[in-house]
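> See coords-v5.tsv below, with TSV, C-alpha atoms.
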chain	number	residue	atom	x	y	z
Y	274	MET	CA	-20.97	-92.75	-155.72
Y	275	HIS	CA	-20.76	-88.97	-155.75
Y	276	SER	CA	-23.79	-87.05	-156.96
Y	277	THR	CA	-21.52	-84.70	-158.90
Y	278	ALA	CA	-21.09	-85.67	-162.53
Y	279	VAL	CA	-17.82	-85.50	-164.44
Y	280	LYS	CA	-17.74	-85.56	-168.23
Y	281	ILE	CA	-15.44	-88.15	-169.77
Y	282	ALA	CA	-13.69	-85.37	-171.69
Y	283	ASP	CA	-12.82	-83.69	-168.36
Y	284	ALA	CA	-11.85	-86.85	-166.47
Y	285	HIS	CA	-8.16	-86.36	-167.22
Y	286	GLU	CA	-8.20	-83.53	-164.66
Y	287	LEU	CA	-8.97	-86.00	-161.86
Y	288	PRO	CA	-6.21	-87.80	-159.93
Y	289	LEU	CA	-5.10	-90.88	-161.85
Y	290	TRP	CA	-6.70	-93.34	-159.42
Y	291	ARG	CA	-10.13	-91.68	-159.81
Y	292	ARG	CA	-10.30	-91.73	-163.60
Y	293	PRO	CA	-12.83	-93.81	-165.57
Y	294	VAL	CA	-10.33	-96.34	-166.92
Y	295	VAL	CA	-9.13	-97.07	-163.37
Y	296	LEU	CA	-12.72	-97.62	-162.22
Y	297	LEU	CA	-13.23	-99.99	-165.15
Y	298	GLY	CA	-10.05	-101.80	-164.18
Y	299	LEU	CA	-11.12	-102.07	-160.54
Y	300	MET	CA	-14.53	-103.45	-161.46
Y	301	ALA	CA	-12.85	-105.80	-163.94
Y	302	PHE	CA	-10.82	-107.02	-160.95
Y	303	VAL	CA	-13.75	-107.40	-158.52
Y	304	MET	CA	-16.04	-109.46	-160.73
Y	305	PRO	CA	-13.66	-112.38	-161.42
Y	306	LEU	CA	-12.48	-112.30	-157.80
Y	307	ALA	CA	-16.01	-113.25	-156.72
Y	308	PHE	CA	-16.90	-115.40	-159.71
Y	309	SER	CA	-13.61	-117.34	-159.66
Y	310	THR	CA	-14.07	-118.17	-155.99
Y	311	TRP	CA	-17.50	-119.58	-156.81
Y	312	LEU	CA	-16.32	-121.44	-159.90
Y	313	ALA	CA	-13.11	-122.90	-158.44
Y	314	LEU	CA	-15.03	-124.77	-155.76
Y	315	LEU	CA	-18.20	-125.45	-157.71
Y	316	ASN	CA	-17.51	-128.80	-159.37
Y	317	ASN	CA	-16.10	-130.37	-156.22
Y	318	PHE	CA	-18.80	-128.79	-154.04
Y	319	VAL	CA	-21.68	-130.06	-156.17
Y	320	ILE	CA	-20.22	-133.56	-156.49
Y	321	GLU	CA	-19.00	-134.05	-152.90
Y	322	VAL	CA	-21.63	-132.11	-150.95
Y	323	ALA	CA	-24.70	-131.75	-153.18
Y	324	HIS	CA	-24.16	-135.08	-155.02
Y	325	PHE	CA	-24.76	-133.76	-158.55
Y	326	ASP	CA	-24.40	-135.82	-161.73
Y	327	GLY	CA	-23.86	-134.51	-165.27
Y	328	SER	CA	-27.56	-133.81	-165.75
Y	329	LYS	CA	-27.88	-131.71	-162.59
Y	330	ILE	CA	-24.77	-129.67	-163.30
Y	331	GLY	CA	-26.19	-129.02	-166.77
Y	332	TRP	CA	-29.46	-127.80	-165.27
Y	333	LEU	CA	-27.62	-125.59	-162.77
Y	334	HIS	CA	-25.73	-123.85	-165.56
Y	335	SER	CA	-28.85	-123.52	-167.69
Y	336	ILE	CA	-30.58	-121.77	-164.77
Y	337	ARG	CA	-27.46	-119.64	-164.26
Y	338	GLU	CA	-27.68	-118.38	-167.81
Y	339	ILE	CA	-31.34	-117.30	-167.70
Y	340	PRO	CA	-30.46	-113.76	-166.45
Y	341	GLY	CA	-28.02	-113.50	-169.34
Y	342	PHE	CA	-30.82	-114.44	-171.71
Y	343	LEU	CA	-32.95	-111.71	-170.07
Y	344	ALA	CA	-30.15	-109.12	-170.18
Y	345	ILE	CA	-32.30	-107.13	-172.58
Y	346	GLY	CA	-34.11	-106.01	-169.42
Y	347	VAL	CA	-31.09	-103.81	-168.69
Y	348	ILE	CA	-32.50	-101.33	-171.24
Y	349	TYR	CA	-35.56	-100.79	-169.07
Y	350	VAL	CA	-33.65	-100.74	-165.78
Y	351	LEU	CA	-31.58	-97.89	-167.26
Y	352	TRP	CA	-34.73	-95.79	-167.40
Y	353	PHE	CA	-34.33	-95.42	-163.63
Y	354	VAL	CA	-30.61	-95.78	-162.84
Y	355	ARG	CA	-27.38	-94.86	-164.58
Y	356	GLU	CA	-25.24	-97.55	-166.15
Y	357	GLN	CA	-22.40	-96.89	-163.72
Y	358	MET	CA	-24.66	-97.32	-160.69
Y	359	LEU	CA	-26.20	-100.50	-162.13
Y	360	ALA	CA	-22.72	-101.94	-162.62
Y	361	VAL	CA	-21.86	-101.37	-158.96
Y	362	VAL	CA	-25.17	-102.73	-157.63
Y	363	SER	CA	-24.79	-105.81	-159.83
Y	364	LEU	CA	-21.31	-106.50	-158.45
Y	365	LEU	CA	-22.73	-106.19	-154.93
Y	366	ALA	CA	-25.40	-108.83	-155.67
Y	367	LEU	CA	-22.76	-111.19	-157.07
Y	368	GLY	CA	-20.51	-110.79	-154.01
Y	369	ILE	CA	-23.34	-111.46	-151.57
Y	370	ALA	CA	-24.53	-114.54	-153.49
Y	371	VAL	CA	-21.03	-116.03	-153.51
Y	372	ALA	CA	-20.60	-115.37	-149.78
Y	373	VAL	CA	-23.69	-117.44	-148.85
Y	374	THR	CA	-23.36	-120.24	-151.45
Y	375	ALA	CA	-22.31	-122.97	-149.00
Y	376	TRP	CA	-25.25	-122.20	-146.69
Y	377	PHE	CA	-27.62	-123.93	-149.11
Y	378	PRO	CA	-26.00	-127.25	-150.22
Y	379	SER	CA	-29.01	-128.64	-152.06
Y	380	PHE	CA	-30.20	-128.60	-155.65
Y	381	LEU	CA	-32.90	-126.02	-154.87
Y	382	GLY	CA	-30.64	-123.94	-152.63
Y	383	LEU	CA	-27.89	-123.79	-155.23
Y	384	MET	CA	-30.43	-122.84	-157.86
Y	385	VAL	CA	-31.51	-119.82	-155.80
Y	386	THR	CA	-28.04	-118.54	-154.86
Y	387	THR	CA	-26.81	-119.18	-158.38
Y	388	MET	CA	-29.72	-117.20	-159.84
Y	389	ILE	CA	-29.04	-114.18	-157.57
Y	390	GLY	CA	-25.34	-114.23	-158.35
Y	391	SER	CA	-26.08	-114.69	-162.02
Y	392	ILE	CA	-28.32	-111.63	-162.15
Y	393	GLY	CA	-25.45	-109.61	-160.70
Y	394	PHE	CA	-22.89	-111.20	-163.01
Y	395	HIS	CA	-24.82	-110.81	-166.24
Y	396	TYR	CA	-26.18	-107.32	-165.62
Y	397	TYR	CA	-22.68	-106.19	-164.69
Y	398	GLU	CA	-21.18	-107.78	-167.81
Y	399	THR	CA	-23.81	-106.15	-170.02
Y	400	VAL	CA	-23.26	-102.68	-168.57
Y	401	LYS	CA	-19.48	-103.13	-168.41
Y	402	MET	CA	-19.29	-103.70	-172.14
Y	403	SER	CA	-21.34	-100.58	-172.78
Y	404	LEU	CA	-19.22	-98.44	-170.44
Y	405	GLU	CA	-15.98	-99.71	-171.93
Y	406	LEU	CA	-17.02	-98.85	-175.47
Y	407	GLN	CA	-18.30	-95.42	-174.42
Y	408	TRP	CA	-15.41	-94.45	-172.12
Y	409	ILE	CA	-12.47	-95.78	-174.18
Y	410	SER	CA	-11.52	-94.35	-177.57
Y	411	LYS	CA	-11.58	-96.60	-180.65
Y	412	GLU	CA	-7.85	-96.12	-181.10
Y	413	ARG	CA	-7.00	-97.33	-177.58
Y	414	ALA	CA	-9.76	-99.94	-177.18
Y	415	PRO	CA	-7.87	-103.12	-178.23
Y	416	GLN	CA	-4.90	-102.38	-175.95
Y	417	VAL	CA	-7.02	-101.21	-173.01
Y	418	LEU	CA	-9.42	-104.15	-173.29
Y	419	GLY	CA	-6.42	-106.47	-173.37
Y	420	TRP	CA	-5.28	-104.93	-170.08
Y	421	MET	CA	-8.80	-105.37	-168.65
Y	422	VAL	CA	-8.54	-109.09	-169.40
Y	423	ALA	CA	-5.19	-109.08	-167.61
Y	424	PHE	CA	-6.70	-107.34	-164.55
Y	425	GLY	CA	-9.46	-109.93	-164.44
Y	426	SER	CA	-6.88	-112.70	-164.73
Y	427	ALA	CA	-4.92	-111.17	-161.83
Y	428	ALA	CA	-8.07	-111.26	-159.68
Y	429	SER	CA	-8.73	-114.87	-160.60
Y	430	LEU	CA	-5.08	-115.67	-159.93
Y	431	ILE	CA	-5.35	-114.20	-156.43
Y	432	ALA	CA	-8.59	-116.08	-155.78
Y	433	TYR	CA	-7.27	-119.43	-157.03
Y	434	GLY	CA	-3.87	-119.03	-155.39
Y	435	SER	CA	-5.50	-118.27	-152.07
Y	436	ILE	CA	-7.81	-121.26	-152.40
Y	437	VAL	CA	-4.90	-123.61	-153.09
Y	438	LEU	CA	-3.16	-122.28	-149.98
Y	439	VAL	CA	-6.07	-122.31	-147.55
Y	440	TRP	CA	-7.57	-125.58	-148.79
Y	441	LYS	CA	-4.45	-127.71	-148.83
Y	442	VAL	CA	-2.35	-126.03	-146.15
Y	443	LEU	CA	-4.83	-124.50	-143.70
Y	444	GLY	CA	-7.70	-126.92	-144.24
Y	445	TRP	CA	-10.44	-124.31	-144.63
Y	446	ASP	CA	-13.88	-125.57	-145.63
Y	447	TYR	CA	-16.19	-124.54	-148.46
Y	448	ASN	CA	-18.23	-122.14	-146.32
Y	449	THR	CA	-15.23	-120.17	-145.05
Y	450	ILE	CA	-13.72	-119.72	-148.51
Y	451	TYR	CA	-17.02	-118.70	-150.08
Y	452	MET	CA	-17.72	-116.17	-147.33
Y	453	ILE	CA	-14.27	-114.57	-147.54
Y	454	GLY	CA	-14.18	-114.48	-151.35
Y	455	GLY	CA	-17.65	-112.96	-151.61
Y	456	GLY	CA	-17.01	-110.63	-148.67
Y	457	VAL	CA	-13.84	-109.14	-150.16
Y	458	ALA	CA	-15.76	-108.50	-153.39
Y	459	VAL	CA	-18.48	-106.68	-151.43
Y	460	VAL	CA	-15.91	-104.44	-149.70
Y	461	LEU	CA	-14.18	-103.52	-152.97
Y	462	THR	CA	-17.54	-102.84	-154.60
Y	463	ALA	CA	-18.40	-100.45	-151.76
Y	464	PHE	CA	-15.15	-98.61	-152.54
Y	465	CYS	CA	-16.24	-98.30	-156.19
Y	466	TRP	CA	-19.49	-96.80	-154.95
Y	467	PHE	CA	-18.06	-94.17	-152.61
Y	468	ALA	CA	-14.71	-93.26	-154.18
Y	469	TYR	CA	-15.72	-92.34	-157.73
Y	470	PRO	CA	-17.87	-89.58	-159.23
Y	471	THR	CA	-20.56	-90.25	-161.79
Y	472	PHE	CA	-19.01	-90.16	-165.25
Y	473	GLU	CA	-20.98	-88.80	-168.19
Y	474	ALA	CA	-20.31	-90.27	-171.63
Y	475	PRO	CA	-20.30	-87.86	-174.60
Y	476	HIS	CA	-23.26	-89.52	-176.36
Y	477	LYS	CA	-26.67	-90.02	-174.79
Y	478	GLN	CA	-27.78	-93.64	-175.17
Y	479	HIS	CA	-31.07	-94.79	-176.62
Y	480	ASN	CA	-33.37	-96.08	-173.86
Y	481	LYS	CA	-35.27	-98.55	-176.02
Y	482	MET	CA	-34.50	-101.86	-177.63
Y	483	ILE	CA	-32.38	-101.49	-180.77
Y	484	LEU	CA	-32.30	-104.17	-183.46
Y	485	ARG	CA	-30.60	-103.10	-186.68
Y	486	LYS	CA	-30.19	-105.23	-189.79
Y	487	ARG	CA	-26.69	-103.88	-190.32
Y	488	TYR	CA	-25.57	-105.46	-187.03
Y	489	TRP	CA	-26.65	-108.97	-188.11
Y	490	LEU	CA	-23.11	-110.33	-188.28
Y	491	TYR	CA	-22.31	-109.10	-184.77
Y	492	TYR	CA	-25.50	-110.72	-183.47
Y	493	SER	CA	-24.56	-114.00	-185.20
Y	494	LEU	CA	-21.04	-113.97	-183.76
Y	495	GLN	CA	-22.51	-113.40	-180.31
Y	496	ALA	CA	-24.96	-116.31	-180.63
Y	497	ALA	CA	-22.24	-118.73	-181.70
Y	498	ALA	CA	-19.83	-117.47	-179.03
Y	499	GLY	CA	-22.38	-117.97	-176.27
Y	500	ALA	CA	-23.11	-121.54	-177.28
Y	501	ARG	CA	-19.44	-122.44	-177.70
Y	502	ARG	CA	-18.19	-120.85	-174.51
Y	503	GLN	CA	-20.94	-122.37	-172.40
Y	504	ILE	CA	-19.96	-125.89	-173.43
Y	505	PHE	CA	-16.42	-125.14	-172.30
Y	506	MET	CA	-17.54	-123.52	-169.03
Y	507	VAL	CA	-19.84	-126.37	-168.06
Y	508	PHE	CA	-18.14	-129.53	-169.25
Y	509	ALA	CA	-14.37	-128.97	-169.52
Y	510	ALA	CA	-13.75	-128.47	-165.78
Y	511	PHE	CA	-16.44	-131.04	-164.93
Y	512	MET	CA	-14.49	-133.54	-167.06
Y	513	MET	CA	-11.34	-132.91	-165.01
Y	514	VAL	CA	-13.16	-133.85	-161.80
Y	515	GLU	CA	-15.37	-136.66	-163.12
Y	516	ARG	CA	-12.90	-138.45	-165.42
Y	517	PHE	CA	-9.56	-137.72	-163.76
Y	518	GLY	CA	-10.64	-137.30	-160.12
Y	519	PHE	CA	-9.17	-133.81	-159.65
Y	520	GLU	CA	-9.46	-132.46	-156.10
Y	521	VAL	CA	-10.19	-128.81	-155.25
Y	522	HIS	CA	-6.55	-127.77	-155.03
Y	523	GLU	CA	-5.74	-129.56	-158.32
Y	524	VAL	CA	-8.60	-127.93	-160.24
Y	525	THR	CA	-7.61	-124.60	-158.74
Y	526	ALA	CA	-3.95	-125.07	-159.67
Y	527	LEU	CA	-5.04	-125.64	-163.27
Y	528	PHE	CA	-7.02	-122.40	-163.15
Y	529	LEU	CA	-3.92	-120.66	-161.75
Y	530	ILE	CA	-1.90	-121.67	-164.78
Y	531	ASN	CA	-4.67	-120.33	-167.02
Y	532	TYR	CA	-4.70	-116.92	-165.43
Y	533	VAL	CA	-0.94	-116.52	-165.24
Y	534	ALA	CA	-0.91	-117.17	-168.97
Y	535	ASN	CA	-3.73	-114.67	-169.51
Y	536	MET	CA	-1.98	-111.99	-167.46
Y	537	ILE	CA	1.06	-112.36	-169.70
Y	538	PHE	CA	-0.61	-112.78	-173.07
Y	539	ALA	CA	-3.81	-110.66	-172.88
Y	540	PRO	CA	-2.02	-107.29	-173.29
Y	541	LEU	CA	-0.06	-108.83	-176.17
Y	542	MET	CA	-3.34	-109.99	-177.69
Y	543	GLY	CA	-4.59	-106.41	-177.53
Y	544	ARG	CA	-1.65	-105.31	-179.68
Y	545	PHE	CA	-2.19	-108.34	-181.93
Y	546	VAL	CA	-5.81	-107.29	-182.61
Y	547	SER	CA	-4.68	-103.71	-183.32
Y	548	ARG	CA	-2.11	-104.97	-185.80
Y	549	VAL	CA	-3.97	-107.68	-187.72
Y	550	GLY	CA	-7.58	-106.52	-187.30
Y	551	GLU	CA	-10.65	-108.17	-185.83
Y	552	ARG	CA	-11.29	-110.53	-188.76
Y	553	ASN	CA	-7.86	-112.18	-188.65
Y	554	ALA	CA	-7.74	-112.26	-184.84
Y	555	LEU	CA	-11.12	-113.96	-184.56
Y	556	ALA	CA	-10.35	-116.40	-187.38
Y	557	PHE	CA	-7.15	-117.35	-185.57
Y	558	GLU	CA	-9.12	-117.91	-182.36
Y	559	TYR	CA	-11.74	-120.09	-184.01
Y	560	VAL	CA	-9.28	-122.30	-185.89
Y	561	GLY	CA	-7.53	-122.92	-182.59
Y	562	LEU	CA	-10.81	-123.73	-180.82
Y	563	ILE	CA	-11.85	-126.20	-183.53
Y	564	LEU	CA	-8.62	-128.12	-182.95
Y	565	VAL	CA	-8.94	-127.94	-179.16
Y	566	PHE	CA	-12.53	-129.19	-179.05
Y	567	CYS	CA	-11.72	-132.07	-181.41
Y	568	ALA	CA	-8.82	-132.97	-179.13
Y	569	TYR	CA	-11.16	-132.91	-176.11
Y	570	GLY	CA	-13.24	-135.54	-177.91
Y	571	GLY	CA	-10.05	-137.52	-178.51
Y	572	ILE	CA	-9.57	-137.83	-174.74
Y	573	TYR	CA	-12.63	-140.08	-174.67
Y	574	MET	CA	-12.22	-141.73	-178.06
Y	575	PHE	CA	-8.51	-142.54	-177.75
Y	576	GLY	CA	-7.99	-142.58	-173.99
Y	577	TRP	CA	-5.54	-139.69	-173.84
Y	578	GLY	CA	-4.31	-138.92	-170.33
Y	579	VAL	CA	-4.60	-136.15	-167.80
Y	580	LEU	CA	-1.61	-134.15	-169.08
Y	581	VAL	CA	-3.21	-133.79	-172.50
Y	582	ALA	CA	-6.49	-132.73	-170.90
Y	583	ALA	CA	-4.79	-130.14	-168.70
Y	584	ALA	CA	-2.78	-128.71	-171.60
Y	585	LEU	CA	-5.92	-128.42	-173.72
Y	586	TYR	CA	-7.72	-126.63	-170.90
Y	587	VAL	CA	-4.99	-123.98	-170.71
Y	588	ILE	CA	-4.78	-123.53	-174.50
Y	589	ASP	CA	-8.58	-123.31	-174.66
Y	590	HIS	CA	-8.57	-120.48	-172.13
Y	591	LEU	CA	-5.95	-118.52	-174.05
Y	592	PHE	CA	-7.95	-118.65	-177.27
Y	593	PHE	CA	-11.07	-117.43	-175.48
Y	594	ALA	CA	-9.15	-114.36	-174.30
Y	595	LEU	CA	-9.22	-113.08	-177.89
Y	596	ALA	CA	-13.01	-112.74	-177.72
Y	597	PHE	CA	-12.73	-109.01	-176.92
Y	598	ALA	CA	-12.07	-108.53	-180.65
Y	599	GLN	CA	-15.84	-108.88	-181.06
Y	600	LYS	CA	-16.27	-105.81	-178.86
Y	601	THR	CA	-13.85	-103.69	-180.85
Y	602	TYR	CA	-15.50	-104.83	-184.09
Y	603	PHE	CA	-18.85	-103.64	-182.77
Y	604	GLN	CA	-17.36	-100.37	-181.52
Y	605	LYS	CA	-16.16	-99.62	-185.06
Y	606	ILE	CA	-19.50	-100.32	-186.76
Y	607	ALA	CA	-21.91	-98.93	-184.13
Y	608	HIS	CA	-23.55	-95.56	-183.95
Y	609	PRO	CA	-22.41	-94.09	-180.59
Y	610	SER	CA	-25.99	-93.89	-179.26
Y	611	ASP	CA	-26.63	-97.57	-180.04
Y	612	ILE	CA	-23.95	-98.97	-177.73
Y	613	ALA	CA	-25.90	-99.48	-174.48
Y	614	PRO	CA	-29.11	-100.97	-175.96
Y	615	THR	CA	-27.22	-103.10	-178.46
Y	616	ALA	CA	-24.95	-104.42	-175.70
Y	617	ALA	CA	-28.07	-105.63	-173.88
Y	618	VAL	CA	-29.60	-107.15	-177.02
Y	619	ALA	CA	-26.32	-108.84	-177.94
Y	620	PHE	CA	-25.94	-110.25	-174.44
Y	621	THR	CA	-29.41	-111.76	-174.69
Y	622	ILE	CA	-28.57	-113.26	-178.08
Y	623	ASN	CA	-25.29	-114.57	-176.64
Y	624	HIS	CA	-27.25	-116.50	-174.02
Y	625	ILE	CA	-29.82	-118.23	-176.22
Y	626	GLY	CA	-27.55	-121.25	-176.60
Y	627	ALA	CA	-26.20	-120.79	-173.08
Y	628	VAL	CA	-29.67	-121.36	-171.62
Y	629	LEU	CA	-30.72	-124.22	-173.87
Y	630	LEU	CA	-27.52	-126.19	-174.40
Y	631	PRO	CA	-26.19	-127.10	-170.91
Y	632	ALA	CA	-29.30	-129.03	-169.87
Y	633	MET	CA	-29.67	-130.68	-173.28
Y	634	LEU	CA	-26.00	-131.55	-173.55
Y	635	GLY	CA	-26.02	-132.76	-169.95
Y	636	TYR	CA	-28.15	-135.68	-171.12
Y	637	LEU	CA	-25.91	-136.22	-174.15
Y	638	TRP	CA	-22.94	-136.22	-171.75
Y	639	LEU	CA	-24.43	-139.25	-169.98
Y	640	LEU	CA	-24.37	-141.09	-173.33
Y	641	SER	CA	-21.17	-139.75	-174.93
Y	642	PRO	CA	-18.95	-136.97	-173.54
Y	643	ALA	CA	-16.96	-137.01	-176.79
Y	644	ALA	CA	-20.11	-136.09	-178.75
Y	645	VAL	CA	-20.52	-132.97	-176.61
Y	646	PHE	CA	-17.06	-131.72	-177.58
Y	647	ILE	CA	-17.49	-132.61	-181.25
Y	648	PHE	CA	-20.68	-130.54	-181.22
Y	649	ALA	CA	-18.66	-127.66	-179.74
Y	650	ALA	CA	-16.14	-128.01	-182.56
Y	651	SER	CA	-18.94	-127.70	-185.11
Y	652	VAL	CA	-20.08	-124.45	-183.47
Y	653	ALA	CA	-16.49	-123.19	-183.72
Y	654	VAL	CA	-16.54	-123.99	-187.45
Y	655	LEU	CA	-19.65	-121.83	-187.80
Y	656	SER	CA	-17.89	-119.03	-185.89
Y	657	LEU	CA	-14.93	-119.25	-188.26
Y	658	ILE	CA	-17.19	-118.89	-191.29
Y	659	LEU	CA	-18.86	-115.84	-189.74
Y	660	SER	CA	-15.54	-114.21	-188.82
Y	661	LEU	CA	-14.42	-114.32	-192.46
Y	662	MET	CA	-17.36	-112.05	-193.29
Y	663	ILE	CA	-15.84	-109.18	-191.25
Y	664	PRO	CA	-14.12	-106.54	-193.42
Y	665	ARG	CA	-10.44	-105.87	-192.87
Y	666	HIS	CA	-11.34	-102.30	-191.83
Y	667	PRO	CA	-14.96	-102.35	-190.56
Y	668	ARG	CA	-16.82	-99.10	-190.01
Y	669	MET	CA	-20.35	-97.71	-190.03
Y	670	GLY	CA	-21.90	-98.66	-193.35
Y	671	TYR	CA	-19.23	-101.28	-194.04
Y	672	GLU	CA	-20.12	-103.85	-191.38
Y	673	THR	CA	-19.62	-106.97	-193.50
Y	674	VAL	CA	-17.78	-107.88	-196.69
Y	675	PHE	CA	-21.19	-107.87	-198.40
Y	676	ALA	CA	-22.13	-104.35	-197.31
Y	677	ARG	CA	-22.22	-101.38	-199.65
Y	678	THR	CA	-20.25	-98.49	-198.17
Y	679	VAL	CA	-22.57	-95.63	-197.18
Y	680	LEU	CA	-22.11	-92.36	-195.39
Y	681	PRO	CA	-22.08	-92.48	-191.56
Y	682	ALA	CA	-25.15	-90.28	-191.42
Y	683	GLU	CA	-27.07	-92.81	-193.49
Y	684	ALA	CA	-25.74	-95.72	-191.46
Y	685	ALA	CA	-27.10	-94.16	-188.30
Y	686	GLU	CA	-30.66	-94.37	-189.56
So that I can check it, write out the structure of this file as structure tokens.

Amino acid sequence: MHSTAVKIADAHELPLWRRPVVLLGLMAFVMPLAFSTWLALLNNFVIEVAHFDGSKIGWLHSIREIPGFLAIGVIYVLWFVREQMLAVVSLLALGIAVAVTAWFPSFLGLMVTTMIGSIGFHYYETVKMSLELQWISKERAPQVLGWMVAFGSAASLIAYGSIVLVWKVLGWDYNTIYMIGGGVAVVLTAFCWFAYPTFEAPHKQHNKMILRKRYWLYYSLQAAAGARRQIFMVFAAFMMVERFGFEVHEVTALFLINYVANMIFAPLMGRFVSRVGERNALAFEYVGLILVFCAYGGIYMFGWGVLVAAALYVIDHLFFALAFAQKTYFQKIAHPSDIAPTAAVAFTINHIGAVLLPAMLGYLWLLSPAAVFIFAASVAVLSLILSLMIPRHPRMGYETVFARTVLPAEAAE
């Protein structure tokens, strides 16, 4: 990373490939490349090699989410390093952790490698959100963030497509795939380090924890989203392996379908959010998720088959792609100097349920998998209620439908 700093306002003078939005896109590509390699093999690896049951996989994901819960620590790390540098270092930690995952095929070993990778993942995600909202204008944010989702889907598509090929055709083992997937991420991260200057955002960020009453709805949406998404992340793919006996290449093929769909629809979703607004986009997402989670429960209650389960998994993924509407909602209501500290606080709030629920629901899973998904549907109902409190045109001072419109200067207090 060059020591010379370039202001965001002057970045248009750089060659296209060295501009901030391209760096964001490259990092948005690297992270899912590493994470998707880890995730695509995880359920089969822990069942076949580490001999996990539902309880252990729940504990693994609870441990994985602890760094997300502690993401508020990013505020204090930023006393010493810039956000851009922290993003790159975090990606490097994730890539290394993925590369060595298969070296430690035990409960304790997986806990350690998962924790290291999770620190990289969650600190990157926290800083990435802050950089996106600082470097991208409010007018372009929905479309650009939609493209970022598409870039991430392309990376996951490459990872999953390669795994299907090398696992089924070439017969590679877990260790080889993990090392190559993590290694490629490390190389691309090094390019992000050396090829780009340090970009300076127009507004200096607060370097202390920020909790504002006027952001309460955003905090609540984040809490519900973290709980809901974690249930999907932990138990939906686990169901495909445990109930339907999916092998690595079959799980990965399902992921491939997801990311092809996301590559196609995410940019369209960006335009959709711009057109209908965050409230309507999020309400649409949550209604869809309520139906999907209830249908997941129906797989166990009514014995629906593998095709229904696979279709639900793909639909589920598409609805989750609309989650970036929460970011653009926050961008509209936030004081520019609040973005970095509030991103860290919100990420911590997002992970309260993510830390507590997987382990707890892992035990419930042993009794009734359907109950786990019905619980997820109830969380989606709560999210829907919250989304209807977003104004049609949110802004500083008008953060919820209950807020009294005030001047921006007052809202910044």
> Can you pull out the residues contacting segment 665-679 of chain Y? Cut-off 12 Å, using only C-alpha atoms, and skip same-chain residues under 3 positions away; I want them as a count of residues only.
41
> So that I can check the surroundings of segment 345-349 of chain Y, please list as number ranges by chain every protein, DNA and RNA residue that reaches within 8 Å of it, counting only C-alpha atoms and ignoring chain neighbours fewer than 2 positions away.
Y: 342-343, 351-353, 396, 399-400, 480-482, 613-614, 617-618, 620-621
> Write out as a Markdown table the residues of segment 525-602 of chain Y that have any atom within 12 Å of an atom of segment 296-319 of chain Y, one row each with the nearest atom pair and its distance in Å to one decimal, counting all atoms listed in the file, sorted by chain and then rising number.

| residue | atom | partner | partner_atom | distance |
| --- | --- | --- | --- | --- |
| Y:Thr525 | CA | Y:Ala313 | CA | 5.8 |
| Y:Ala526 | CA | Y:Ala313 | CA | 9.5 |
| Y:Leu527 | CA | Y:Ala313 | CA | 9.8 |
| Y:Phe528 | CA | Y:Ala313 | CA | 7.7 |
| Y:Leu529 | CA | Y:Ala313 | CA | 10.0 |
| Y:Asn531 | CA | Y:Ser309 | CA | 12.0 |
| Y:Tyr532 | CA | Y:Ser309 | CA | 10.6 |
> For Met512 of chain Y, which residue among Y:Ala323, Y:Val524, Y:Val560, Y:Val371 is the nearest when counting all atoms listed in the file?
Y:Val524
> What does the distance between atom CA of Thr615 of chain Y and atom CA of Leu562 of chain Y come to in Å, to one decimal place?
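These two atoms are separated by 26.5 Å.
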> Pick out the residues sitting within 10 Å of Phe648 of chain Y, and hand them over as a list of chain:residue names; count only C-alpha atoms, and ignore anything fewer than 5 positions along from it in its own chain.
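After dropping sequence-adjacent residues, the list is Y:Arg501, Y:Ile504, Y:Phe566, Y:Cys567, Y:Gly570, Y:Leu634, Y:Ala643, Y:Ala653, Y:Val654.
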> What is the distance between atom CA of Asn448 of chain Y and atom CA of Arg502 of chain Y, in Å to one decimal?
28.2 Å
> Can you pull out every residue within 8 Å of segment 402-410 of chain Y, counting all atoms listed in the file, but drop anything in the same chain fewer than 3 positions away, and send it as a list in words?
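Once the nearby chain positions are removed, what remains is Ile281, Pro293, Val294, Leu297, Glu356, Gln357, Glu398, Thr399, Arg413, Ala414, Val417, Ala474, Pro475, His476, Lys600, Thr601, Gln604, Pro609, Ile612, Ala613 and Ala616 of chain Y.
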> I need the residue nearest Phe538 of chain Y from this list: Y:Thr387, Y:Ala423, Y:Phe575, Y:Asn623. Use all atoms listed in the file for the distance.
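The shortest atom-to-atom distance to Phe538 of chain Y comes from Y:Ala423.
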> Do you have the atom CA of Thr471 of chain Y-atom CA of Val279 of chain Y distance handy?
6.1 Å
> Kindly indicate which residue among Y:Met358, Y:Leu333, Y:Leu381, Y:Ile625 lies nearest to Glu473 of chain Y, using only C-alpha atoms for the distances.
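Closest candidate: Y:Met358.
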> What's the 10 Å shell around Ile436 of chain Y, counting all atoms listed in the file, without same-chain residues fewer than 4 positions away, as a list in words?
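The contact residues come out as Thr310, Ala313, Leu314, Leu430, Ile431, Ala432, Trp440, Lys441, Val442, Leu443, Gly444, Trp445, Tyr447, Ile450, Tyr451, Gly454, Val521, His522, Thr525 and Ala526 of chain Y.
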> With distances taken over all atoms listed in the file, which residue among Y:Val295, Y:Glu523, Y:Trp332, Y:Gly543 lies nearest Val437 of chain Y?
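The closest residue to Val437 of chain Y is Y:Glu523.
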